[in-house]
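Trainee: File target.tsv below, TSV, C-alpha atoms:
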```
chain	number	residue	atom	x	y	z
A	1	MET	CA	5.70	64.05	93.98
A	2	VAL	CA	2.20	64.16	92.51
A	3	THR	CA	0.56	61.96	89.92
A	4	ALA	CA	-0.09	63.51	86.52
A	5	ALA	CA	-2.71	60.90	85.56
A	6	ASP	CA	-6.26	62.10	85.04
A	7	ARG	CA	-7.80	58.64	84.73
A	8	TRP	CA	-7.51	55.08	86.01
A	9	THR	CA	-7.82	52.30	83.43
A	10	LEU	CA	-10.08	49.51	84.72
A	11	ASN	CA	-9.94	45.88	83.70
A	12	ASP	CA	-12.81	46.24	81.24
A	13	GLY	CA	-10.92	48.99	79.41
A	14	THR	CA	-13.00	51.87	80.73
A	15	LYS	CA	-11.22	55.05	81.85
A	16	HIS	CA	-12.36	56.15	85.28
A	17	PRO	CA	-11.75	59.89	85.88
A	18	SER	CA	-9.09	60.25	88.54
A	19	GLY	CA	-6.05	62.24	89.64
A	20	PHE	CA	-4.75	63.26	93.07
A	21	TRP	CA	-6.94	63.19	96.18
A	22	GLY	CA	-7.60	66.70	97.47
A	23	GLU	CA	-7.19	66.13	101.21
A	24	GLU	CA	-4.03	64.09	100.74
A	25	LEU	CA	-2.27	66.94	98.97
A	26	ALA	CA	-3.82	69.96	100.64
A	27	MET	CA	-3.57	69.00	104.31
A	28	PRO	CA	0.11	67.93	104.29
A	29	HIS	CA	1.00	70.96	102.15
A	30	LYS	CA	-0.74	73.19	104.69
A	31	VAL	CA	0.96	71.53	107.68
A	32	PHE	CA	4.38	71.72	106.03
A	33	THR	CA	3.88	75.35	105.03
A	34	GLU	CA	2.83	76.28	108.55
A	35	ALA	CA	6.04	74.63	109.76
A	36	GLY	CA	8.01	77.03	107.54
A	37	TRP	CA	9.06	74.47	104.98
A	38	GLU	CA	9.70	75.28	101.32
A	39	ILE	CA	7.71	72.95	99.08
A	40	VAL	CA	8.42	71.95	95.48
A	41	ILE	CA	5.69	70.11	93.55
A	42	ALA	CA	6.83	67.77	90.79
A	43	THR	CA	4.95	65.49	88.39
A	44	PRO	CA	5.93	63.11	85.58
A	45	GLY	CA	6.88	65.31	82.65
A	46	GLY	CA	5.99	68.46	84.57
A	47	ARG	CA	2.36	67.99	83.57
A	48	ARG	CA	-0.32	69.85	85.50
A	49	PRO	CA	-1.90	67.46	88.02
A	50	THR	CA	-5.64	66.81	88.01
A	51	LEU	CA	-7.83	66.94	91.09
A	52	ASP	CA	-10.01	63.87	91.50
A	53	ARG	CA	-13.47	65.42	91.77
A	54	LEU	CA	-14.67	62.51	93.92
A	55	SER	CA	-12.31	63.76	96.61
A	56	MET	CA	-14.40	66.91	96.92
A	57	GLY	CA	-17.76	65.14	97.10
A	58	ARG	CA	-20.01	64.73	100.11
A	59	LEU	CA	-18.83	61.16	100.73
A	60	ALA	CA	-15.14	62.08	100.73
A	61	GLY	CA	-15.02	63.39	104.30
A	62	LEU	CA	-16.49	65.74	106.83
A	63	PRO	CA	-18.06	68.83	105.23
A	64	GLY	CA	-15.81	71.18	107.19
A	65	THR	CA	-12.70	69.32	106.04
A	66	ILE	CA	-13.82	69.35	102.41
A	67	ARG	CA	-14.42	73.12	102.58
A	68	GLU	CA	-10.99	73.64	104.14
A	69	VAL	CA	-9.36	71.53	101.44
A	70	ALA	CA	-11.17	73.42	98.67
A	71	ARG	CA	-10.08	76.78	100.06
A	72	TYR	CA	-6.49	75.69	100.44
A	73	LEU	CA	-6.26	74.20	96.95
A	74	GLU	CA	-7.36	77.59	95.61
A	75	VAL	CA	-4.50	79.23	97.55
A	76	ILE	CA	-1.86	76.94	96.03
A	77	GLN	CA	-3.38	76.69	92.54
A	78	GLY	CA	-0.45	78.61	91.08
A	79	GLU	CA	1.97	75.95	92.34
A	80	LEU	CA	-0.21	73.18	90.96
A	81	ASP	CA	-0.38	74.89	87.58
A	82	ALA	CA	3.41	74.95	87.19
A	83	PRO	CA	4.99	71.81	88.64
A	84	ARG	CA	8.58	70.81	88.02
A	85	SER	CA	9.30	67.74	85.93
A	86	LEU	CA	10.08	64.71	88.03
A	87	ASP	CA	13.17	63.94	85.94
A	88	GLU	CA	14.62	67.34	86.88
A	89	VAL	CA	14.35	66.69	90.63
A	90	GLU	CA	17.26	65.38	92.68
A	91	GLN	CA	15.99	63.74	95.84
A	92	ALA	CA	19.19	64.56	97.74
A	93	ASP	CA	18.29	68.27	97.56
A	94	PHE	CA	15.30	67.75	99.88
A	95	ASP	CA	14.85	66.94	103.55
A	96	LEU	CA	11.65	65.04	102.77
A	97	VAL	CA	10.16	63.34	99.72
A	98	PHE	CA	6.37	62.98	99.94
A	99	TYR	CA	3.87	61.19	97.65
A	100	PRO	CA	0.14	61.88	98.14
A	101	GLY	CA	-2.39	59.52	96.62
A	102	GLY	CA	-5.60	59.32	94.68
A	103	HIS	CA	-6.04	56.56	92.11
A	104	GLY	CA	-3.72	58.46	89.76
A	105	PRO	CA	-0.50	56.80	91.05
A	106	MET	CA	-1.94	53.39	90.11
A	107	GLU	CA	-2.05	54.62	86.51
A	108	ASP	CA	1.34	56.35	86.15
A	109	LEU	CA	3.71	56.31	89.13
A	110	ALA	CA	3.35	52.56	89.67
A	111	TYR	CA	5.14	52.10	86.34
A	112	ASP	CA	7.32	55.23	86.19
A	113	GLU	CA	11.00	54.29	86.00
A	114	VAL	CA	12.18	57.81	86.86
A	115	SER	CA	10.11	57.84	90.02
A	116	GLY	CA	11.17	54.27	90.79
A	117	ALA	CA	14.85	55.18	90.57
A	118	LEU	CA	14.30	58.22	92.77
A	119	LEU	CA	12.57	56.06	95.39
A	120	THR	CA	15.35	53.49	95.31
A	121	ASP	CA	17.97	56.19	95.81
A	122	ARG	CA	15.94	57.86	98.54
A	123	LEU	CA	15.56	54.65	100.52
A	124	ALA	CA	19.28	53.96	100.23
A	125	SER	CA	20.04	57.45	101.53
A	126	GLY	CA	18.28	56.77	104.82
A	127	ARG	CA	16.53	60.15	104.66
A	128	PRO	CA	12.77	60.58	105.22
A	129	LEU	CA	10.40	59.29	102.56
A	130	ALA	CA	6.61	59.35	102.98
A	131	LEU	CA	3.72	58.02	100.92
A	132	LEU	CA	-0.01	58.23	101.56
A	133	CYS	CA	-3.04	56.06	100.70
A	134	HIS	CA	-2.56	55.12	97.00
A	135	GLY	CA	0.78	56.94	96.92
A	136	PRO	CA	2.60	53.71	97.88
A	137	ALA	CA	1.68	52.39	94.43
A	138	ALA	CA	4.75	54.34	93.31
A	139	LEU	CA	6.91	51.93	95.34
A	140	LEU	CA	6.11	49.20	92.83
A	141	ALA	CA	8.30	50.86	90.19
A	142	ALA	CA	11.43	50.82	92.38
A	143	ARG	CA	14.21	48.33	91.61
A	144	GLN	CA	17.70	47.58	92.86
A	145	ALA	CA	20.53	47.13	90.36
A	146	ASP	CA	20.01	43.35	90.59
A	147	GLY	CA	16.31	43.69	89.82
A	148	SER	CA	15.10	43.06	93.36
A	149	TRP	CA	12.53	45.23	95.12
A	150	PRO	CA	14.21	47.55	97.65
A	151	PHE	CA	11.16	47.81	99.91
A	152	ALA	CA	10.85	44.07	100.57
A	153	GLY	CA	10.46	43.45	104.28
A	154	TYR	CA	9.59	47.07	105.10
A	155	ARG	CA	6.48	47.63	107.16
A	156	VAL	CA	4.08	49.58	104.94
A	157	THR	CA	0.48	50.67	105.02
A	158	ALA	CA	-1.73	51.90	102.18
A	159	LEU	CA	-5.42	51.87	101.34
A	160	SER	CA	-6.70	48.44	102.36
A	161	ASN	CA	-8.66	46.06	100.15
A	162	PHE	CA	-11.72	46.59	102.35
A	163	GLU	CA	-11.50	50.35	102.00
A	164	GLU	CA	-10.93	50.10	98.25
A	165	ARG	CA	-14.01	47.95	97.82
A	166	LEU	CA	-16.16	50.69	99.31
A	167	ASN	CA	-15.82	52.26	95.84
A	168	SER	CA	-18.43	50.75	93.53
A	169	PHE	CA	-16.00	50.64	90.61
A	170	ALA	CA	-13.27	48.79	92.57
A	171	ARG	CA	-14.62	45.45	91.39
A	172	LYS	CA	-13.20	46.42	87.99
A	173	ALA	CA	-9.75	47.27	89.37
A	174	PRO	CA	-6.94	45.45	87.54
A	175	TRP	CA	-5.23	45.04	90.93
A	176	LEU	CA	-5.60	46.22	94.50
A	177	LEU	CA	-2.75	47.97	96.25
A	178	GLU	CA	-2.78	45.91	99.45
A	179	ASP	CA	-2.54	42.72	97.38
A	180	ARG	CA	0.26	44.02	95.20
A	181	LEU	CA	2.36	45.29	98.12
A	182	ARG	CA	2.06	41.90	99.82
A	183	GLU	CA	3.01	40.12	96.57
A	184	TYR	CA	6.13	42.27	96.25
A	185	GLY	CA	7.24	41.39	99.76
A	186	ALA	CA	6.16	44.34	101.90
A	187	ASP	CA	5.17	43.74	105.51
A	188	TYR	CA	1.75	45.26	104.96
A	189	ALA	CA	-0.17	46.53	108.01
A	190	LYS	CA	-3.49	48.31	108.47
A	191	GLY	CA	-5.54	49.80	111.25
A	192	ALA	CA	-8.16	47.77	113.11
A	193	ILE	CA	-10.95	50.09	111.94
A	194	PRO	CA	-11.30	51.14	108.27
A	195	LEU	CA	-11.26	54.81	107.25
A	196	VAL	CA	-9.69	56.09	110.47
A	197	PRO	CA	-6.14	57.51	110.65
A	198	HIS	CA	-3.35	54.94	110.68
A	199	ILE	CA	0.35	55.41	109.97
A	200	GLU	CA	3.37	53.13	109.94
A	201	VAL	CA	7.01	54.12	110.38
A	202	ASP	CA	9.82	51.72	109.48
A	203	ARG	CA	13.25	53.30	109.63
A	204	SER	CA	13.15	56.27	107.22
A	205	LEU	CA	9.93	55.11	105.50
A	206	TYR	CA	6.64	56.69	106.57
A	207	THR	CA	3.27	55.58	105.17
A	208	GLY	CA	-0.36	56.54	105.82
A	209	GLN	CA	-3.31	54.25	105.15
A	210	ASN	CA	-6.08	56.52	103.90
A	211	PRO	CA	-7.09	60.16	103.33
A	212	ALA	CA	-8.00	60.53	107.01
A	213	SER	CA	-4.33	59.82	107.81
A	214	ALA	CA	-3.08	62.85	105.85
A	215	GLU	CA	-2.83	65.39	108.66
A	216	ARG	CA	-1.58	62.91	111.26
A	217	LEU	CA	1.17	61.71	108.92
A	218	ALA	CA	2.17	65.27	108.07
A	219	ARG	CA	2.39	66.32	111.71
A	220	ARG	CA	4.46	63.25	112.56
A	221	LEU	CA	6.84	64.17	109.75
A	222	VAL	CA	7.16	67.76	110.95
A	223	THR	CA	8.02	66.51	114.43
A	224	ASP	CA	10.56	63.93	113.27
A	225	VAL	CA	12.20	65.86	110.43
A	226	SER	CA	12.41	69.09	112.40
```
Now, as a test, write the supplied structure out as structure tokens.
Mentor:
Amino acid sequence: MVTAADRWTLNDGTKHPSGFWGEELAMPHKVFTEAGWEIVIATPGGRRPTLDRLSMGRLAGLPGTIREVARYLEVIQGELDAPRSLDEVEQADFDLVFYPGGHGPMEDLAYDEVSGALLTDRLASGRPLALLCHGPAALLAARQADGSWPFAGYRVTALSNFEERLNSFARKAPWLLEDRLREYGADYAKGAIPLVPHIEVDRSLYTGQNPASAERLARRLVTDVS
């Protein structure tokens, strides 16, 4: 499940160019493909997702990793150009539901009722669900029939406030994901050192803290789901 947003609206009304984060989509897709899994990409409305260009910059990761991500995104460009519409996807048809991040989910998936209902159903099913970095913003749209938040009490990680504030524009963020997850009742956890891989697993819910966690989270999922 990939964001279709191409911008993030900041609290001064400016539109910061955004989308999905390259490493967070490419590396899990590569790991899952190598494991022999069939992958379906879906977005809200079936709109073509936008790559956040910052994710391909020199500050986004090790040069070798960025080159690997760029090459792999070229390989799967056809899939990215023709995603399925999220409202046509039935979560029960899949062994795993996976949400990569980028700031895009804070613009669309955090408020998307279709995605929220899918996440609520997926959690209730007890089958694997994974979200990475800003992907857990999508959890905020989930609701039980009584209006309560189904992920309350679950141990969850996501990009930390400290890591978010390494972005110069984060001071204009309308909200930070760590804060919002705590407010909603998640048992938020993070690694002792920023920007290094960290994952959390609570029952069927898997979360990764940051882009560096992408490959580790994907390999853990391959081991557990297989």
Trainee: Within 9 Å of segment 109-124 of chain A, counting all atoms listed in the file, which residues show up once you throw out same-chain ones fewer than 3 positions away? Write them as JSON, numbers by chain, please.
Mentor: {"A": [1, 2, 3, 4, 5, 44, 86, 87, 89, 90, 91, 92, 97, 104, 105, 106, 127, 128, 129, 135, 136, 137, 138, 139, 140, 141, 142, 143, 144, 149, 150, 151, 204, 205]}
Trainee: Have a look at atom CA of Gly19 of chain A and atom CA of Gly78 of chain A and let me know their distance in Å, one decimal.
Mentor: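 Spanning atom CA of Gly19 of chain A to atom CA of Gly78 of chain A is a straight-line distance of 17.4 Å.
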Trainee: Tell me which of A:Ile193, A:Ala60, A:Leu131, A:Ala158 sits closest to Leu176 of chain A, counting all atoms listed in the file.
Mentor: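 Checking each candidate against Leu176 of chain A, we get A:Ala158 as the closest.
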Trainee: What does the distance from atom CA of Gly101 of chain A to atom CA of Asn161 of chain A come to in Å, to one decimal?
Mentor: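 Atom-to-atom, atom CA of Gly101 of chain A and atom CA of Asn161 of chain A are spaced 15.3 Å apart.
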Trainee: For atom CA of Pro63 of chain A and atom CA of Ala214 of chain A, quote the distance in Å rounded to one decimal.
Mentor: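 We find that atom CA of Pro63 of chain A and atom CA of Ala214 of chain A lie 16.1 Å from each other.
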Trainee: Identify, on the basis of all atoms listed in the file, every residue whose closest approach to Arg7 of chain A does not exceed 6 Å; exclude the query and any residue fewer than 3 positions from it along the same chain; express the result as a list in words.
Mentor: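 Close residues of Arg7 of chain A: Lys15, His16, Pro17 and Ser18 of chain A.
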Trainee: Now that the selection is made, can you save its residues with C-alpha atoms as an mmCIF file, in the coordinates of the input?
Mentor:
```
data_model
loop_
_atom_site.group_PDB
_atom_site.id
_atom_site.type_symbol
_atom_site.label_atom_id
_atom_site.label_comp_id
_atom_site.auth_asym_id
_atom_site.auth_seq_id
_atom_site.Cartn_x
_atom_site.Cartn_y
_atom_site.Cartn_z
ATOM 1 C CA LYS A 15 -11.220 55.050 81.850
ATOM 2 C CA HIS A 16 -12.360 56.150 85.280
ATOM 3 C CA PRO A 17 -11.750 59.890 85.880
ATOM 4 C CA SER A 18 -9.090 60.250 88.540
#
```
Trainee: Counting only C-alpha atoms, figure out which residue out of A:Asp187, A:Glu107, A:Glu215, A:Glu178 gets nearest to Leu25 of chain A.
Mentor: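 Of A:Asp187, A:Glu107, A:Glu215, A:Glu178, the one nearest Leu25 of chain A, counting only C-alpha atoms, is A:Glu215.
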Trainee: Skip Ala130 of chain A itself and residues of its chain fewer than 5 positions away, then list as a list in words all residues within 10 Å of it, counting all atoms listed in the file.
Mentor: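 My reading of the contact set: Leu96, Val97, Phe98, Tyr99, Pro100, Gly135, Pro136, Glu200, Val201, Ser204, Leu205, Tyr206, Thr207, Gly208, Leu217, Ala218 and Leu221 of chain A.
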Trainee: If I wrap all listed atoms of segment 55-66 of chain A in a box with edges along x, y and z and add 4 Å on each side, what are its centre and edge lengths in Å to one decimal, as AutoDock Vina command-line options?
Mentor:
```
--center_x -16.2 --center_y 66.2 --center_z 101.9 --size_x 15.7 --size_y 18.0 --size_z 18.6
```
Trainee: With distances taken over all atoms listed in the file, which of A:His198, A:Arg203, A:Arg47, A:Arg171 is nearest to Leu132 of chain A?
Mentor: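 The shortest atom-to-atom distance to Leu132 of chain A comes from A:His198.
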Trainee: Of the residues A:His103, A:His134, A:Arg67, A:Lys172, which is the one nearest to Thr14 of chain A, using all atoms listed in the file?
Mentor: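 The closest residue to Thr14 of chain A is A:Lys172.
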Trainee: Could you check which of A:Ala189, A:Val225, A:Leu54, A:Ile76 is closest to Asn167 of chain A, using only C-alpha atoms?
Mentor: A:Leu54
Trainee: With all atoms listed in the file as the atoms that count, which of A:Ala26, A:Asp52, A:Asn210, A:Thr33 lies nearest to Glu74 of chain A?
Mentor: A:Ala26
